[in-house]
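S.K.: This is query-v1.cif (mmCIF, N, CA and C atoms).
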data_start
#
loop_
_atom_site.label_atom_id
_atom_site.label_comp_id
_atom_site.auth_asym_id
_atom_site.auth_seq_id
_atom_site.Cartn_x
_atom_site.Cartn_y
_atom_site.Cartn_z
N MET A 62 18.20 -93.85 15.41
CA MET A 62 19.00 -93.90 16.61
C MET A 62 20.38 -94.51 16.29
N ASN A 63 20.98 -94.09 15.18
CA ASN A 63 22.28 -94.62 14.77
C ASN A 63 23.44 -93.92 15.47
N ASP A 64 23.32 -92.62 15.69
CA ASP A 64 24.40 -91.85 16.30
C ASP A 64 24.43 -92.06 17.80
N VAL A 65 25.63 -92.10 18.33
CA VAL A 65 25.81 -92.12 19.77
C VAL A 65 26.52 -90.83 20.15
N TYR A 66 25.89 -90.08 21.01
CA TYR A 66 26.46 -88.81 21.46
C TYR A 66 27.35 -89.04 22.67
N ASP A 67 28.38 -88.22 22.78
CA ASP A 67 29.20 -88.26 23.98
C ASP A 67 28.40 -87.72 25.17
N THR A 68 27.60 -86.71 24.91
CA THR A 68 26.76 -86.14 25.96
C THR A 68 25.47 -85.59 25.37
N ILE A 69 24.40 -85.77 26.12
CA ILE A 69 23.12 -85.16 25.79
C ILE A 69 22.74 -84.27 26.95
N ILE A 70 22.44 -83.03 26.63
CA ILE A 70 22.07 -82.04 27.65
C ILE A 70 20.57 -81.82 27.55
N ILE A 71 19.90 -81.96 28.67
CA ILE A 71 18.45 -81.77 28.71
C ILE A 71 18.19 -80.36 29.23
N GLY A 72 17.69 -79.52 28.35
CA GLY A 72 17.38 -78.14 28.71
C GLY A 72 18.28 -77.15 28.00
N GLY A 73 17.67 -76.10 27.46
CA GLY A 73 18.39 -75.10 26.68
C GLY A 73 18.45 -73.75 27.36
N GLY A 74 18.46 -73.74 28.69
CA GLY A 74 18.66 -72.49 29.41
C GLY A 74 20.13 -72.14 29.45
N PRO A 75 20.50 -71.09 30.17
CA PRO A 75 21.91 -70.68 30.24
C PRO A 75 22.85 -71.79 30.68
N ALA A 76 22.46 -72.59 31.65
CA ALA A 76 23.34 -73.68 32.12
C ALA A 76 23.53 -74.74 31.04
N GLY A 77 22.45 -75.13 30.38
CA GLY A 77 22.55 -76.13 29.32
C GLY A 77 23.37 -75.65 28.14
N LEU A 78 23.16 -74.40 27.74
CA LEU A 78 23.92 -73.84 26.62
C LEU A 78 25.40 -73.71 26.97
N THR A 79 25.69 -73.29 28.20
CA THR A 79 27.08 -73.19 28.64
C THR A 79 27.73 -74.56 28.67
N ALA A 80 27.02 -75.56 29.18
CA ALA A 80 27.55 -76.92 29.22
C ALA A 80 27.85 -77.41 27.80
N ALA A 81 26.99 -77.09 26.85
CA ALA A 81 27.20 -77.51 25.46
C ALA A 81 28.44 -76.84 24.86
N ILE A 82 28.62 -75.57 25.15
CA ILE A 82 29.80 -74.86 24.64
C ILE A 82 31.07 -75.51 25.16
N TYR A 83 31.12 -75.79 26.46
CA TYR A 83 32.32 -76.40 27.04
C TYR A 83 32.51 -77.84 26.57
N ALA A 84 31.43 -78.58 26.39
CA ALA A 84 31.55 -79.95 25.87
C ALA A 84 32.11 -79.94 24.46
N ARG A 85 31.63 -79.04 23.63
CA ARG A 85 32.12 -78.95 22.26
C ARG A 85 33.57 -78.49 22.20
N ARG A 86 33.96 -77.63 23.13
CA ARG A 86 35.37 -77.21 23.17
C ARG A 86 36.28 -78.39 23.47
N LYS A 87 35.74 -79.41 24.14
CA LYS A 87 36.48 -80.65 24.40
C LYS A 87 36.26 -81.68 23.27
N LEU A 88 35.60 -81.22 22.18
CA LEU A 88 35.35 -82.05 21.00
C LEU A 88 34.42 -83.22 21.26
N LEU A 89 33.54 -83.07 22.23
CA LEU A 89 32.54 -84.10 22.50
C LEU A 89 31.33 -83.90 21.59
N LYS A 90 30.85 -84.99 21.02
CA LYS A 90 29.64 -84.93 20.19
C LYS A 90 28.47 -84.64 21.12
N THR A 91 27.84 -83.46 20.93
CA THR A 91 26.91 -82.92 21.92
C THR A 91 25.55 -82.62 21.32
N LEU A 92 24.52 -83.03 22.03
CA LEU A 92 23.13 -82.75 21.65
C LEU A 92 22.43 -82.08 22.82
N ILE A 93 21.71 -81.02 22.51
CA ILE A 93 20.82 -80.39 23.48
C ILE A 93 19.40 -80.73 23.07
N ILE A 94 18.61 -81.24 24.02
CA ILE A 94 17.18 -81.45 23.78
C ILE A 94 16.46 -80.48 24.70
N THR A 95 15.65 -79.62 24.11
CA THR A 95 15.00 -78.57 24.89
C THR A 95 13.64 -78.23 24.30
N MET A 96 12.78 -77.73 25.15
CA MET A 96 11.48 -77.27 24.68
C MET A 96 11.57 -75.84 24.15
N SER A 97 12.56 -75.08 24.64
CA SER A 97 12.78 -73.72 24.16
C SER A 97 14.19 -73.29 24.53
N ILE A 98 14.69 -72.29 23.84
CA ILE A 98 16.02 -71.75 24.14
C ILE A 98 15.88 -70.61 25.14
N GLY A 99 16.73 -70.61 26.13
CA GLY A 99 16.80 -69.48 27.06
C GLY A 99 16.24 -69.73 28.44
N GLY A 100 15.16 -70.47 28.52
CA GLY A 100 14.56 -70.73 29.82
C GLY A 100 14.11 -69.47 30.53
N GLN A 101 14.34 -69.42 31.81
CA GLN A 101 13.90 -68.32 32.67
C GLN A 101 14.50 -66.98 32.26
N VAL A 102 15.70 -66.99 31.69
CA VAL A 102 16.36 -65.73 31.32
C VAL A 102 15.56 -64.96 30.27
N ASN A 103 14.74 -65.68 29.49
CA ASN A 103 13.89 -65.00 28.50
C ASN A 103 12.83 -64.12 29.14
N LEU A 104 12.52 -64.37 30.40
CA LEU A 104 11.52 -63.58 31.10
C LEU A 104 12.15 -62.41 31.85
N THR A 105 13.47 -62.29 31.73
CA THR A 105 14.20 -61.26 32.47
C THR A 105 14.69 -60.19 31.51
N GLU A 106 14.20 -58.99 31.68
CA GLU A 106 14.59 -57.89 30.80
C GLU A 106 15.80 -57.14 31.31
N ASP A 107 16.18 -57.32 32.56
CA ASP A 107 17.24 -56.51 33.13
C ASP A 107 18.34 -57.40 33.74
N ILE A 108 19.21 -57.94 32.89
CA ILE A 108 20.33 -58.76 33.34
C ILE A 108 21.43 -57.82 33.83
N GLU A 109 21.80 -57.94 35.09
CA GLU A 109 22.81 -57.04 35.65
C GLU A 109 24.04 -57.76 36.17
N ASN A 110 24.00 -59.08 36.23
CA ASN A 110 25.09 -59.79 36.88
C ASN A 110 25.78 -60.82 35.99
N PHE A 111 25.71 -60.66 34.69
CA PHE A 111 26.37 -61.59 33.78
C PHE A 111 27.66 -60.95 33.29
N PRO A 112 28.82 -61.46 33.68
CA PRO A 112 30.10 -60.84 33.34
C PRO A 112 30.29 -60.65 31.83
N GLY A 113 30.69 -59.47 31.45
CA GLY A 113 30.99 -59.19 30.05
C GLY A 113 29.79 -58.91 29.18
N TYR A 114 28.61 -58.91 29.75
CA TYR A 114 27.39 -58.69 28.97
C TYR A 114 26.70 -57.44 29.50
N LEU A 115 26.73 -56.38 28.71
CA LEU A 115 26.21 -55.09 29.17
C LEU A 115 24.86 -54.72 28.57
N ASP A 116 24.36 -55.50 27.61
CA ASP A 116 23.11 -55.16 26.94
C ASP A 116 21.92 -55.16 27.87
N LYS A 117 21.89 -56.10 28.82
CA LYS A 117 20.85 -56.26 29.84
C LYS A 117 19.63 -57.06 29.41
N SER A 118 19.40 -57.30 28.14
CA SER A 118 18.22 -58.03 27.68
C SER A 118 18.42 -59.54 27.81
N GLY A 119 17.55 -60.19 28.57
CA GLY A 119 17.61 -61.65 28.72
C GLY A 119 17.42 -62.39 27.41
N PRO A 120 16.39 -62.04 26.62
CA PRO A 120 16.20 -62.73 25.34
C PRO A 120 17.40 -62.58 24.40
N LYS A 121 18.04 -61.42 24.39
CA LYS A 121 19.22 -61.24 23.54
C LYS A 121 20.38 -62.11 24.02
N LEU A 122 20.53 -62.21 25.34
CA LEU A 122 21.59 -63.05 25.89
C LEU A 122 21.38 -64.51 25.50
N SER A 123 20.15 -65.00 25.57
CA SER A 123 19.91 -66.40 25.21
C SER A 123 20.18 -66.64 23.73
N LYS A 124 19.88 -65.68 22.87
CA LYS A 124 20.16 -65.81 21.43
C LYS A 124 21.67 -65.88 21.18
N ILE A 125 22.43 -65.04 21.89
CA ILE A 125 23.88 -65.04 21.75
C ILE A 125 24.45 -66.39 22.19
N MET A 126 23.96 -66.91 23.31
CA MET A 126 24.45 -68.19 23.82
C MET A 126 24.08 -69.34 22.88
N GLU A 127 22.87 -69.29 22.32
CA GLU A 127 22.47 -70.32 21.35
C GLU A 127 23.38 -70.27 20.13
N GLN A 128 23.63 -69.07 19.62
CA GLN A 128 24.48 -68.92 18.45
C GLN A 128 25.88 -69.46 18.73
N GLN A 129 26.42 -69.16 19.90
CA GLN A 129 27.76 -69.64 20.24
C GLN A 129 27.79 -71.17 20.33
N ALA A 130 26.77 -71.77 20.94
CA ALA A 130 26.71 -73.24 21.03
C ALA A 130 26.67 -73.86 19.64
N ARG A 131 25.88 -73.27 18.75
CA ARG A 131 25.78 -73.79 17.38
C ARG A 131 27.09 -73.61 16.61
N ILE A 132 27.75 -72.45 16.80
CA ILE A 132 29.03 -72.21 16.12
C ILE A 132 30.06 -73.25 16.54
N PHE A 133 30.05 -73.62 17.81
CA PHE A 133 30.99 -74.64 18.30
C PHE A 133 30.59 -76.04 17.83
N GLY A 134 29.38 -76.21 17.32
CA GLY A 134 28.99 -77.49 16.75
C GLY A 134 27.99 -78.31 17.54
N ALA A 135 27.40 -77.72 18.58
CA ALA A 135 26.37 -78.45 19.32
C ALA A 135 25.11 -78.57 18.46
N GLU A 136 24.48 -79.72 18.53
CA GLU A 136 23.19 -79.91 17.86
C GLU A 136 22.09 -79.56 18.85
N ILE A 137 21.04 -78.93 18.34
CA ILE A 137 19.90 -78.57 19.19
C ILE A 137 18.65 -79.13 18.55
N ILE A 138 17.89 -79.88 19.35
CA ILE A 138 16.62 -80.46 18.90
C ILE A 138 15.54 -79.99 19.87
N PHE A 139 14.42 -79.60 19.31
CA PHE A 139 13.31 -79.13 20.14
C PHE A 139 12.34 -80.26 20.42
N GLY A 140 12.11 -80.52 21.70
CA GLY A 140 11.20 -81.55 22.14
C GLY A 140 11.25 -81.67 23.65
N GLU A 141 10.39 -82.51 24.18
CA GLU A 141 10.32 -82.74 25.62
C GLU A 141 10.86 -84.12 25.93
N VAL A 142 11.82 -84.20 26.85
CA VAL A 142 12.36 -85.49 27.28
C VAL A 142 11.34 -86.13 28.21
N THR A 143 10.98 -87.36 27.89
CA THR A 143 9.96 -88.06 28.68
C THR A 143 10.54 -89.19 29.52
N LYS A 144 11.74 -89.68 29.13
CA LYS A 144 12.31 -90.80 29.87
C LYS A 144 13.79 -90.97 29.52
N VAL A 145 14.56 -91.43 30.50
CA VAL A 145 15.96 -91.79 30.27
C VAL A 145 16.13 -93.21 30.80
N GLU A 146 16.65 -94.10 29.95
CA GLU A 146 16.85 -95.50 30.32
C GLU A 146 18.31 -95.88 30.20
N LYS A 147 18.81 -96.70 31.11
CA LYS A 147 20.16 -97.25 31.03
C LYS A 147 20.10 -98.52 30.21
N ILE A 148 20.91 -98.56 29.14
CA ILE A 148 20.97 -99.74 28.28
C ILE A 148 22.44 -100.11 28.11
N ASP A 149 22.85 -101.19 28.76
CA ASP A 149 24.25 -101.61 28.76
C ASP A 149 25.15 -100.45 29.18
N LYS A 150 26.06 -100.04 28.31
CA LYS A 150 26.98 -98.96 28.67
C LYS A 150 26.48 -97.58 28.20
N TYR A 151 25.28 -97.52 27.68
CA TYR A 151 24.72 -96.27 27.16
C TYR A 151 23.46 -95.87 27.93
N PHE A 152 23.02 -94.66 27.65
CA PHE A 152 21.72 -94.18 28.11
C PHE A 152 20.89 -93.87 26.88
N LYS A 153 19.63 -94.28 26.92
CA LYS A 153 18.70 -93.92 25.85
C LYS A 153 17.83 -92.79 26.37
N VAL A 154 17.86 -91.68 25.66
CA VAL A 154 17.04 -90.52 26.01
C VAL A 154 15.85 -90.52 25.07
N ILE A 155 14.66 -90.66 25.65
CA ILE A 155 13.43 -90.73 24.88
C ILE A 155 12.74 -89.37 24.99
N SER A 156 12.41 -88.82 23.82
CA SER A 156 11.78 -87.50 23.80
C SER A 156 10.70 -87.47 22.74
N THR A 157 9.95 -86.38 22.74
CA THR A 157 8.91 -86.20 21.73
C THR A 157 9.53 -85.97 20.35
N ALA A 158 10.84 -85.71 20.30
CA ALA A 158 11.54 -85.50 19.03
C ALA A 158 12.24 -86.77 18.54
N GLY A 159 12.21 -87.84 19.34
CA GLY A 159 12.85 -89.08 18.95
C GLY A 159 13.62 -89.69 20.11
N GLU A 160 14.37 -90.75 19.79
CA GLU A 160 15.17 -91.45 20.79
C GLU A 160 16.64 -91.31 20.41
N PHE A 161 17.49 -91.08 21.43
CA PHE A 161 18.90 -90.80 21.20
C PHE A 161 19.74 -91.56 22.21
N LEU A 162 20.93 -92.00 21.78
CA LEU A 162 21.85 -92.71 22.67
C LEU A 162 22.99 -91.80 23.06
N THR A 163 23.43 -91.95 24.32
CA THR A 163 24.57 -91.18 24.81
C THR A 163 25.41 -92.05 25.74
N LYS A 164 26.67 -91.67 25.82
CA LYS A 164 27.59 -92.36 26.73
C LYS A 164 27.35 -91.88 28.15
#
Show how you would write the structure in this file as structure tokens.
M.R.:
Amino acid sequence: MNDVYDTIIIGGGPAGLTAAIYARRKLLKTLIITMSIGGQVNLTEDIENFPGYLDKSGPKLSKIMEQQARIFGAEIIFGEVTKVEKIDKYFKVISTAGEFLTK
């Protein structure tokens, strides 16, 4: 638990991946903790309302978003968040993958 992240995002669905992309564009040290990539969109085969995405496959969209988040430098760890604690000026995020500090 040596690193302190600027932000930790809980969940790797479209919202979490998008948040990570924008956080990294602002040069924030970013970690996503998720049980899986894609969330509900992985169960959707017919995406019709995502601007600029014509393929329609939900699983393909989540892979593209994951790749973009990683290219921008977001770290992704697979695990389940079990608790978040406030410690002085930081938050400790406790998960099955370890414990992490964030601002």
S.K.: Identify all residues satisfying the PyMOL selection byres ((chain A and resi 158) around 6) in the given file; provide them as a list in words.
M.R.: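 Output of the PyMOL selection byres ((chain A and resi 158) around 6): Phe139, Gly140, Glu141, Ser156, Thr157, Gly159 and Glu160 of chain A.
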S.K.: Which residues, named as in the file, does the PyMOL selection byres ((chain A and resi 144) around 6.5) pick out? Answer as an MDAnalysis selection string.
M.R.: chainID A and resid 141:143 145:146 153:156
S.K.: What residues in chain A get the DSSP label strand (DSSP E)? Please answer as a PyMOL selection string.
M.R.: chain A and resi 65-66+68-73+91-98+136-139+142-148+151-156+159-163
S.K.: Which of these, A:Gly119, A:Asp64, A:Phe161, A:Gln129, has the shortest distance to Asp107 of chain A once you count only C-alpha atoms?
M.R.: A:Gly119
S.K.: Please evaluate the PyMOL selection byres (((chain A and resi 98 and name CA) around 9) and name CA) against the structure above and give the resulting residues as a PDB file with N, CA and C atoms, in the frame of the given file.
M.R.:
ATOM      1  N   GLY A  72      17.690 -79.520  28.350  1.00  0.00           N
ATOM      2  CA  GLY A  72      17.380 -78.140  28.710  1.00  0.00           C
ATOM      3  C   GLY A  72      18.280 -77.150  28.000  1.00  0.00           C
ATOM      4  N   GLY A  73      17.670 -76.100  27.460  1.00  0.00           N
ATOM      5  CA  GLY A  73      18.390 -75.100  26.680  1.00  0.00           C
ATOM      6  C   GLY A  73      18.450 -73.750  27.360  1.00  0.00           C
ATOM      7  N   GLY A  74      18.460 -73.740  28.690  1.00  0.00           N
ATOM      8  CA  GLY A  74      18.660 -72.490  29.410  1.00  0.00           C
ATOM      9  C   GLY A  74      20.130 -72.140  29.450  1.00  0.00           C
ATOM     10  N   PRO A  75      20.500 -71.090  30.170  1.00  0.00           N
ATOM     11  CA  PRO A  75      21.910 -70.680  30.240  1.00  0.00           C
ATOM     12  C   PRO A  75      22.850 -71.790  30.680  1.00  0.00           C
ATOM     13  N   LEU A  78      23.160 -74.400  27.740  1.00  0.00           N
ATOM     14  CA  LEU A  78      23.920 -73.840  26.620  1.00  0.00           C
ATOM     15  C   LEU A  78      25.400 -73.710  26.970  1.00  0.00           C
ATOM     16  N   THR A  95      15.650 -79.620  24.110  1.00  0.00           N
ATOM     17  CA  THR A  95      15.000 -78.570  24.890  1.00  0.00           C
ATOM     18  C   THR A  95      13.640 -78.230  24.300  1.00  0.00           C
ATOM     19  N   MET A  96      12.780 -77.730  25.150  1.00  0.00           N
ATOM     20  CA  MET A  96      11.480 -77.270  24.680  1.00  0.00           C
ATOM     21  C   MET A  96      11.570 -75.840  24.150  1.00  0.00           C
ATOM     22  N   SER A  97      12.560 -75.080  24.640  1.00  0.00           N
ATOM     23  CA  SER A  97      12.780 -73.720  24.160  1.00  0.00           C
ATOM     24  C   SER A  97      14.190 -73.290  24.530  1.00  0.00           C
ATOM     25  N   GLY A  99      16.730 -70.610  26.130  1.00  0.00           N
ATOM     26  CA  GLY A  99      16.800 -69.480  27.060  1.00  0.00           C
ATOM     27  C   GLY A  99      16.240 -69.730  28.440  1.00  0.00           C
ATOM     28  N   GLY A 100      15.160 -70.470  28.520  1.00  0.00           N
ATOM     29  CA  GLY A 100      14.560 -70.730  29.820  1.00  0.00           C
ATOM     30  C   GLY A 100      14.110 -69.470  30.530  1.00  0.00           C
ATOM     31  N   ASN A 103      14.740 -65.680  29.490  1.00  0.00           N
ATOM     32  CA  ASN A 103      13.890 -65.000  28.500  1.00  0.00           C
ATOM     33  C   ASN A 103      12.830 -64.120  29.140  1.00  0.00           C
ATOM     34  N   SER A 123      20.150 -65.000  25.570  1.00  0.00           N
ATOM     35  CA  SER A 123      19.910 -66.400  25.210  1.00  0.00           C
ATOM     36  C   SER A 123      20.180 -66.640  23.730  1.00  0.00           C
ATOM     37  N   LYS A 124      19.880 -65.680  22.870  1.00  0.00           N
ATOM     38  CA  LYS A 124      20.160 -65.810  21.430  1.00  0.00           C
ATOM     39  C   LYS A 124      21.670 -65.880  21.180  1.00  0.00           C
ATOM     40  N   GLU A 127      22.870 -69.290  22.320  1.00  0.00           N
ATOM     41  CA  GLU A 127      22.470 -70.320  21.350  1.00  0.00           C
ATOM     42  C   GLU A 127      23.380 -70.270  20.130  1.00  0.00           C
ATOM     43  N   PHE A 139      14.420 -79.600  19.310  1.00  0.00           N
ATOM     44  CA  PHE A 139      13.310 -79.130  20.140  1.00  0.00           C
ATOM     45  C   PHE A 139      12.340 -80.260  20.420  1.00  0.00           C
TER      46      PHE A 139
END
S.K.: Nearest residue to Lys150 of chain A out of A:Lys87, A:Ile137, A:Leu104, A:Lys164, using all atoms listed in the file?
M.R.: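 Result for the nearest residue to Lys150 of chain A: A:Lys164.
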S.K.: Give me, please, the distance in Å between atom N of Lys117 of chain A and atom C of Val102 of chain A, quoted to one decimal.
M.R.: 11.0 Å
S.K.: What separation in Å, quoted to one decimal, exists between atom N of Glu106 of chain A and atom C of Phe133 of chain A?
M.R.: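 Going from atom N of Glu106 of chain A over to atom C of Phe133 of chain A, I get 27.4 Å.
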S.K.: May I ask for the distance between atom CA of Tyr66 of chain A and atom CA of Leu89 of chain A, given in Å to one decimal place?
M.R.: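 Spanning atom CA of Tyr66 of chain A to atom CA of Leu89 of chain A is a straight-line distance of 7.8 Å.
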S.K.: If you run DSSP on the backbone, which residues of chain A are alpha helix (DSSP H), as a ChimeraX atom specification?
M.R.: /A:75-86,119-133
S.K.: I need the residue nearest Pro120 of chain A from this list: A:Gln101, A:Gly77, A:Ile69, A:Ile82. Use all atoms listed in the file for the distance.
M.R.: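 Under the stated criterion, the closest residue is A:Gln101.
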S.K.: Let me make sure I understand: among A:Thr68, A:Ile93, A:Thr79, A:Ile108, which one has the smallest atom-to-atom distance to Met126 of chain A if we use all atoms listed in the file?
M.R.: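 Comparing A:Thr68, A:Ile93, A:Thr79, A:Ile108 against Met126 of chain A, the winner is A:Thr79.
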S.K.: For segment 111-121 of chain A, which lacks atoms in the input, supply all heavy atoms and format the output as a PDB file, in the coordinates of the input.
M.R.:
ATOM      1  N   PHE A 111      25.710 -60.660  34.690  1.00  0.00           N
ATOM      2  CA  PHE A 111      26.370 -61.590  33.780  1.00  0.00           C
ATOM      3  C   PHE A 111      27.660 -60.950  33.290  1.00  0.00           C
ATOM      4  O   PHE A 111      27.614 -59.939  32.579  1.00  0.00           O
ATOM      5  CB  PHE A 111      25.457 -61.960  32.605  1.00  0.00           C
ATOM      6  CG  PHE A 111      25.900 -63.196  31.886  1.00  0.00           C
ATOM      7  CD1 PHE A 111      25.494 -64.443  32.325  1.00  0.00           C
ATOM      8  CD2 PHE A 111      26.739 -63.114  30.793  1.00  0.00           C
ATOM      9  CE1 PHE A 111      25.906 -65.594  31.674  1.00  0.00           C
ATOM     10  CE2 PHE A 111      27.158 -64.264  30.137  1.00  0.00           C
ATOM     11  CZ  PHE A 111      26.741 -65.498  30.579  1.00  0.00           C
ATOM     12  N   PRO A 112      28.820 -61.460  33.680  1.00  0.00           N
ATOM     13  CA  PRO A 112      30.100 -60.840  33.340  1.00  0.00           C
ATOM     14  C   PRO A 112      30.290 -60.650  31.830  1.00  0.00           C
ATOM     15  O   PRO A 112      30.032 -61.566  31.051  1.00  0.00           O
ATOM     16  CB  PRO A 112      31.147 -61.820  33.879  1.00  0.00           C
ATOM     17  CG  PRO A 112      30.428 -62.606  34.915  1.00  0.00           C
ATOM     18  CD  PRO A 112      29.001 -62.686  34.462  1.00  0.00           C
ATOM     19  N   GLY A 113      30.690 -59.470  31.450  1.00  0.00           N
ATOM     20  CA  GLY A 113      30.990 -59.190  30.050  1.00  0.00           C
ATOM     21  C   GLY A 113      29.790 -58.910  29.180  1.00  0.00           C
ATOM     22  O   GLY A 113      29.918 -58.695  27.980  1.00  0.00           O
ATOM     23  N   TYR A 114      28.610 -58.910  29.750  1.00  0.00           N
ATOM     24  CA  TYR A 114      27.390 -58.690  28.970  1.00  0.00           C
ATOM     25  C   TYR A 114      26.700 -57.440  29.500  1.00  0.00           C
ATOM     26  O   TYR A 114      26.179 -57.430  30.611  1.00  0.00           O
ATOM     27  CB  TYR A 114      26.458 -59.907  29.083  1.00  0.00           C
ATOM     28  CG  TYR A 114      25.187 -59.773  28.289  1.00  0.00           C
ATOM     29  CD1 TYR A 114      25.210 -59.826  26.903  1.00  0.00           C
ATOM     30  CD2 TYR A 114      23.967 -59.579  28.924  1.00  0.00           C
ATOM     31  CE1 TYR A 114      24.051 -59.696  26.169  1.00  0.00           C
ATOM     32  CE2 TYR A 114      22.802 -59.450  28.193  1.00  0.00           C
ATOM     33  CZ  TYR A 114      22.847 -59.512  26.820  1.00  0.00           C
ATOM     34  OH  TYR A 114      21.696 -59.384  26.091  1.00  0.00           O
ATOM     35  N   LEU A 115      26.730 -56.380  28.710  1.00  0.00           N
ATOM     36  CA  LEU A 115      26.210 -55.090  29.170  1.00  0.00           C
ATOM     37  C   LEU A 115      24.860 -54.720  28.570  1.00  0.00           C
ATOM     38  O   LEU A 115      24.282 -53.715  28.952  1.00  0.00           O
ATOM     39  CB  LEU A 115      27.238 -53.992  28.865  1.00  0.00           C
ATOM     40  CG  LEU A 115      28.607 -54.198  29.513  1.00  0.00           C
ATOM     41  CD1 LEU A 115      29.579 -53.123  29.051  1.00  0.00           C
ATOM     42  CD2 LEU A 115      28.493 -54.213  31.022  1.00  0.00           C
ATOM     43  N   ASP A 116      24.360 -55.500  27.610  1.00  0.00           N
ATOM     44  CA  ASP A 116      23.110 -55.160  26.940  1.00  0.00           C
ATOM     45  C   ASP A 116      21.920 -55.160  27.870  1.00  0.00           C
ATOM     46  O   ASP A 116      21.015 -54.361  27.729  1.00  0.00           O
ATOM     47  CB  ASP A 116      22.883 -56.120  25.766  1.00  0.00           C
ATOM     48  CG  ASP A 116      21.696 -55.716  24.924  1.00  0.00           C
ATOM     49  OD1 ASP A 116      20.554 -55.952  25.366  1.00  0.00           O
ATOM     50  OD2 ASP A 116      21.896 -55.149  23.842  1.00  0.00           O
ATOM     51  N   LYS A 117      21.890 -56.100  28.820  1.00  0.00           N
ATOM     52  CA  LYS A 117      20.850 -56.260  29.840  1.00  0.00           C
ATOM     53  C   LYS A 117      19.630 -57.060  29.410  1.00  0.00           C
ATOM     54  O   LYS A 117      18.859 -57.467  30.234  1.00  0.00           O
ATOM     55  CB  LYS A 117      20.405 -54.920  30.438  1.00  0.00           C
ATOM     56  CG  LYS A 117      21.490 -54.230  31.207  1.00  0.00           C
ATOM     57  CD  LYS A 117      20.929 -53.127  32.069  1.00  0.00           C
ATOM     58  CE  LYS A 117      22.051 -52.526  32.867  1.00  0.00           C
ATOM     59  NZ  LYS A 117      21.643 -52.054  34.136  1.00  0.00           N
ATOM     60  N   SER A 118      19.400 -57.300  28.140  1.00  0.00           N
ATOM     61  CA  SER A 118      18.220 -58.030  27.680  1.00  0.00           C
ATOM     62  C   SER A 118      18.420 -59.540  27.810  1.00  0.00           C
ATOM     63  O   SER A 118      19.339 -60.104  27.196  1.00  0.00           O
ATOM     64  CB  SER A 118      17.915 -57.673  26.226  1.00  0.00           C
ATOM     65  OG  SER A 118      16.968 -58.572  25.690  1.00  0.00           O
ATOM     66  N   GLY A 119      17.550 -60.190  28.570  1.00  0.00           N
ATOM     67  CA  GLY A 119      17.610 -61.650  28.720  1.00  0.00           C
ATOM     68  C   GLY A 119      17.420 -62.390  27.410  1.00  0.00           C
ATOM     69  O   GLY A 119      18.188 -63.300  27.096  1.00  0.00           O
ATOM     70  N   PRO A 120      16.390 -62.040  26.620  1.00  0.00           N
ATOM     71  CA  PRO A 120      16.200 -62.730  25.340  1.00  0.00           C
ATOM     72  C   PRO A 120      17.400 -62.580  24.400  1.00  0.00           C
ATOM     73  O   PRO A 120      17.762 -63.525  23.695  1.00  0.00           O
ATOM     74  CB  PRO A 120      14.948 -62.062  24.762  1.00  0.00           C
ATOM     75  CG  PRO A 120      14.179 -61.636  25.971  1.00  0.00           C
ATOM     76  CD  PRO A 120      15.234 -61.191  26.944  1.00  0.00           C
ATOM     77  N   LYS A 121      18.040 -61.420  24.390  1.00  0.00           N
ATOM     78  CA  LYS A 121      19.220 -61.240  23.540  1.00  0.00           C
ATOM     79  C   LYS A 121      20.380 -62.110  24.020  1.00  0.00           C
ATOM     80  O   LYS A 121      21.098 -62.687  23.220  1.00  0.00           O
ATOM     81  CB  LYS A 121      19.637 -59.773  23.495  1.00  0.00           C
ATOM     82  CG  LYS A 121      18.743 -58.912  22.635  1.00  0.00           C
ATOM     83  CD  LYS A 121      19.266 -57.492  22.580  1.00  0.00           C
ATOM     84  CE  LYS A 121      18.305 -56.599  21.811  1.00  0.00           C
ATOM     85  NZ  LYS A 121      18.748 -55.190  21.823  1.00  0.00           N
TER      86      LYS A 121
END
